[in-house]
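Trainee: A single structure is presented below for examination.
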Amino acid sequence: SGSLLENGALVFQPATTEAQKIQLWWSQGGSSQVLTPLSQEGTGGGAAARAAAGKSNTVAEMRQAAEMVSSQPEVFSIVSRLAVVQTRKQGETQPLYYMACAEPRNERGLLCNKRVAEDGFCAACNRAGKASVRLNLRCRFMDFTDGAWLTTFHEAAQQVLKATAEEAKAMESGEGGRDALEAAIKGRYFQEPLQVAVRAKLDNYNGEPRTSITCIDARPVNRSVHGRMMLKGIQEMLGAN
């Protein structure tokens, strides 16, 4: 997907030297060339690996497909920009982070991550122990087709805000208070495009079936990879005509 800033302009058949070189390359066989990446970027594990394997969609396509999922989670990949973070609901300030239990929950060392009480007591572990700050945001992501509100948990939220949970908490606790934190968040709106991994599955809420859609990973778009995908799409559309 592509988008323009407020003062941007879309120019067809520009007369610049660079544009003429690209047009000449395209007309002389560039349109049919196979592009081979010079390097492969590692995806790592966890959410990043699932994001790489997700079905590539626009936001509108993702929303439509998410309505058809079953109880088995499906992962979609969208290229979009952060439009809004919900900081208030019905006039009430919304918490953007919480304190979570940082004690290991099993022999593999995975952390509990359950919300703890103000005194640090974790009901899941039945004791008070170490705690850490974790982000929990409600974000609206948009592309040229649509927008979608996605619950965005800790790891992905830190990528979206370009800040750690500890930095967000310190900013809100600092001299500028909540206003400073919200101003910093607004500064992230409609910045660089993000490759967002979305997990959708059918859940039950109060006995009613409802689709749960969450952001499990977000990172800056690999522009070379995305550019090749867009070029492939253009070639397919030209071939269809």
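Every chain in the structure tokens has a letter given in the order shown (A, B, ...), and although residue numbers restart at 1 in each chain, ligands are simply numbered from 1 in the order shown.
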Within 12 Å of Ala65 of chain A, counting only C-alpha atoms, which residues qualify if same-chain residues fewer than 4 places away don't, as JSON, numbers by chain?
Mentor: {"A": [55, 56, 57, 58, 59, 60, 61, 69, 70, 73, 74, 75, 76, 77, 198, 199, 200, 201, 202, 211, 213]}
Trainee: Write out as a list in words the residues lying within 8 Å of segment 216-224 of chain A, counting only C-alpha atoms and excluding same-chain residues fewer than 3 positions away.
Mentor: Ala47, Ala48, Ala51, Val79, Thr152, Phe153, Glu155, Ala156, Ala157, Gln159, Val160, Glu192, Pro193, Leu194, Gln195, Val196, Ala197, Val198, Arg199, Gly227 and Arg228 of chain A
Trainee: Have a look at A:Ala180, A:Leu231, A:Met99, A:Met62 and name the one nearest to His154 of chain A; count only C-alpha atoms.
Mentor: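 Closest residue, counting only C-alpha atoms: A:Met99.
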Trainee: Would you compute the distance between atom CA of Ile185 of chain A and atom CA of Gly120 of chain A? Give it in Å to one decimal.
Mentor: 27.5 Å
Trainee: I need the residues in segment 96-230 of chain A that are alpha helix (DSSP H) according to DSSP; give them as a compact mmCIF listing (two decimals) with N, CA, C and O atoms, in the first residue's frame.
Mentor:
```txt
# COMPACT_ATOMS: atom_id res chain seq x y z
N HIS A 154 2.38 -5.80 24.64
CA HIS A 154 3.67 -5.25 25.04
C HIS A 154 4.73 -5.14 23.94
O HIS A 154 5.15 -4.03 23.59
N GLU A 155 5.17 -6.28 23.39
CA GLU A 155 6.28 -6.25 22.44
C GLU A 155 5.95 -5.42 21.22
O GLU A 155 6.74 -4.57 20.77
N ALA A 156 4.77 -5.66 20.64
CA ALA A 156 4.36 -4.90 19.46
C ALA A 156 4.15 -3.43 19.80
O ALA A 156 4.49 -2.54 19.02
N ALA A 157 3.58 -3.15 20.98
CA ALA A 157 3.32 -1.77 21.38
C ALA A 157 4.62 -0.98 21.50
O ALA A 157 4.66 0.21 21.15
N GLN A 158 5.66 -1.60 22.00
CA GLN A 158 6.95 -0.91 22.11
C GLN A 158 7.50 -0.56 20.73
O GLN A 158 8.10 0.50 20.54
N GLN A 159 7.30 -1.46 19.76
CA GLN A 159 7.74 -1.18 18.39
C GLN A 159 6.93 -0.02 17.80
O GLN A 159 7.47 0.85 17.11
N VAL A 160 5.63 0.00 18.07
CA VAL A 160 4.75 1.03 17.52
C VAL A 160 5.12 2.41 18.09
O VAL A 160 5.18 3.40 17.35
N LEU A 161 5.36 2.48 19.39
CA LEU A 161 5.65 3.76 20.04
C LEU A 161 7.12 4.15 19.96
O LEU A 161 7.46 5.29 20.28
N ALA A 165 8.23 0.20 27.71
CA ALA A 165 7.19 0.41 28.71
C ALA A 165 7.74 1.24 29.88
O ALA A 165 7.04 2.10 30.43
N GLU A 166 9.00 1.00 30.25
CA GLU A 166 9.61 1.74 31.34
C GLU A 166 9.73 3.23 30.99
O GLU A 166 9.49 4.10 31.83
N GLU A 167 10.05 3.52 29.73
CA GLU A 167 10.16 4.92 29.30
C GLU A 167 8.79 5.60 29.32
O GLU A 167 8.67 6.76 29.71
N ALA A 168 7.76 4.87 28.91
CA ALA A 168 6.41 5.44 28.93
C ALA A 168 5.97 5.74 30.36
O ALA A 168 5.41 6.81 30.64
N LYS A 169 6.24 4.82 31.26
CA LYS A 169 5.87 5.02 32.67
C LYS A 169 6.63 6.19 33.27
O LYS A 169 6.07 7.02 34.00
N ALA A 170 7.93 6.26 32.97
CA ALA A 170 8.75 7.35 33.50
C ALA A 170 8.28 8.70 32.96
O ALA A 170 8.28 9.71 33.69
N MET A 171 7.86 8.74 31.69
CA MET A 171 7.38 9.99 31.11
C MET A 171 6.11 10.45 31.80
O MET A 171 5.96 11.63 32.12
N GLU A 172 5.18 9.50 32.05
CA GLU A 172 3.93 9.87 32.70
C GLU A 172 4.16 10.27 34.15
O GLU A 172 3.44 11.12 34.70
N SER A 173 5.17 9.69 34.79
CA SER A 173 5.47 10.00 36.19
C SER A 173 6.32 11.25 36.33
O SER A 173 6.53 11.75 37.44
N GLY A 177 3.96 14.82 33.09
CA GLY A 177 2.79 14.01 33.41
C GLY A 177 2.17 13.33 32.20
O GLY A 177 2.81 13.07 31.19
N ARG A 178 0.89 13.06 32.32
CA ARG A 178 0.15 12.35 31.27
C ARG A 178 0.16 13.12 29.94
O ARG A 178 0.21 12.53 28.87
N ASP A 179 0.12 14.46 30.01
CA ASP A 179 0.12 15.27 28.79
C ASP A 179 1.38 15.02 27.97
O ASP A 179 1.32 14.96 26.73
N ALA A 180 2.51 14.89 28.64
CA ALA A 180 3.77 14.64 27.94
C ALA A 180 3.76 13.28 27.25
O ALA A 180 4.22 13.14 26.12
N LEU A 181 3.21 12.28 27.93
CA LEU A 181 3.14 10.95 27.34
C LEU A 181 2.22 10.96 26.13
O LEU A 181 2.56 10.40 25.08
N GLU A 182 1.06 11.59 26.24
CA GLU A 182 0.13 11.61 25.12
C GLU A 182 0.70 12.40 23.94
O GLU A 182 0.48 12.05 22.78
N ALA A 183 1.45 13.46 24.22
CA ALA A 183 2.07 14.23 23.15
C ALA A 183 3.11 13.38 22.41
O ALA A 183 3.21 13.43 21.17
N ALA A 184 3.87 12.59 23.15
CA ALA A 184 4.86 11.72 22.53
C ALA A 184 4.17 10.66 21.67
O ALA A 184 4.65 10.32 20.59
N ILE A 185 3.06 10.14 22.15
CA ILE A 185 2.32 9.13 21.39
C ILE A 185 1.77 9.74 20.10
O ILE A 185 1.88 9.15 19.02
N LYS A 186 1.21 10.94 20.18
CA LYS A 186 0.67 11.60 18.99
C LYS A 186 1.76 11.87 17.96
O LYS A 186 1.50 11.91 16.76
N ARG A 223 11.52 -2.00 2.99
CA ARG A 223 11.07 -1.33 1.78
C ARG A 223 11.46 -2.08 0.50
O ARG A 223 10.72 -2.05 -0.48
N SER A 224 12.61 -2.72 0.52
CA SER A 224 13.01 -3.46 -0.69
C SER A 224 12.09 -4.64 -0.93
O SER A 224 11.65 -4.89 -2.05
N VAL A 225 11.76 -5.38 0.15
CA VAL A 225 10.86 -6.53 0.02
C VAL A 225 9.47 -6.05 -0.37
O VAL A 225 8.82 -6.61 -1.27
N HIS A 226 8.98 -5.00 0.29
CA HIS A 226 7.64 -4.50 -0.01
C HIS A 226 7.57 -3.94 -1.42
O HIS A 226 6.56 -4.10 -2.12
N GLY A 227 8.66 -3.30 -1.86
CA GLY A 227 8.69 -2.77 -3.22
C GLY A 227 8.58 -3.87 -4.26
O GLY A 227 7.90 -3.73 -5.28
N ARG A 228 9.26 -4.99 -4.00
CA ARG A 228 9.17 -6.12 -4.94
C ARG A 228 7.76 -6.69 -4.97
O ARG A 228 7.25 -7.09 -6.02
N MET A 229 7.11 -6.75 -3.79
CA MET A 229 5.74 -7.25 -3.75
C MET A 229 4.79 -6.34 -4.53
O MET A 229 3.91 -6.80 -5.26
N MET A 230 4.98 -5.02 -4.40
CA MET A 230 4.14 -4.08 -5.13
C MET A 230 4.38 -4.19 -6.63
O MET A 230 3.44 -4.15 -7.44
```
Trainee: Return the single residue from A:Ala128, A:Leu137, A:Met237, A:Cys112 that is closest to Trp149 of chain A, with distances computed using only C-alpha atoms.
Mentor: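 Going through A:Ala128, A:Leu137, A:Met237, A:Cys112 one by one, the smallest distance to Trp149 of chain A is for A:Leu137.
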Trainee: Could you pull out the residues in segment 104-160 of chain A that DSSP calls strand (DSSP E or B) from the backbone, as a ChimeraX atom specification?
Mentor: /A:104,111,115,121-122,127-128,131-142,147-153
Trainee: What is the distance between atom CA of Pro14 of chain A and atom CA of Phe144 of chain A, in Å to one decimal?
Mentor: 22.7 Å
Trainee: Name the residues in contact with Ala131 of chain A at a cut-off of 10 Å, using only C-alpha atoms, excluding same-chain residues fewer than 5 positions from it; report them as an NGL selection string.
Mentor: :A and (98-103 or 112-116 or 120-122)
Trainee: Please dump the current selection as a PDB file, in the first residue's frame; keep C-alpha atoms.
Mentor:
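Result file selection.pdb:
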```
ATOM      1  CA  TYR A  98       0.150  -2.233  33.872  1.00  0.00           C
ATOM      2  CA  MET A  99       2.423  -3.940  36.364  1.00  0.00           C
ATOM      3  CA  ALA A 100       2.898  -7.626  35.559  1.00  0.00           C
ATOM      4  CA  CYS A 101       4.368 -10.503  37.514  1.00  0.00           C
ATOM      5  CA  ALA A 102       7.951 -11.102  36.384  1.00  0.00           C
ATOM      6  CA  GLU A 103       8.422 -14.397  38.213  1.00  0.00           C
ATOM      7  CA  CYS A 112       4.036 -15.298  34.513  1.00  0.00           C
ATOM      8  CA  ASN A 113       3.106 -11.830  33.124  1.00  0.00           C
ATOM      9  CA  LYS A 114      -0.221 -11.789  34.986  1.00  0.00           C
ATOM     10  CA  ARG A 115      -1.419  -8.447  36.291  1.00  0.00           C
ATOM     11  CA  VAL A 116      -0.399  -7.863  39.920  1.00  0.00           C
ATOM     12  CA  GLY A 120       2.755  -6.540  44.009  1.00  0.00           C
ATOM     13  CA  PHE A 121       0.751  -9.655  44.905  1.00  0.00           C
ATOM     14  CA  CYS A 122       0.163 -12.058  42.008  1.00  0.00           C
TER      15      CYS A 122
END
```
Trainee: I'd like the contact shell of Ala83 of chain A - 9 Å cut-off, only C-alpha atoms, skipping same-chain residues fewer than 4 positions apart - returned as a ChimeraX atom specification.
Mentor: /A:139-142,147,186,188-191
Trainee: Using Å and a single decimal, report how far atom CA of Arg210 of chain A sits from atom CA of Met68 of chain A.
Mentor: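 These two atoms are separated by 10.9 Å.
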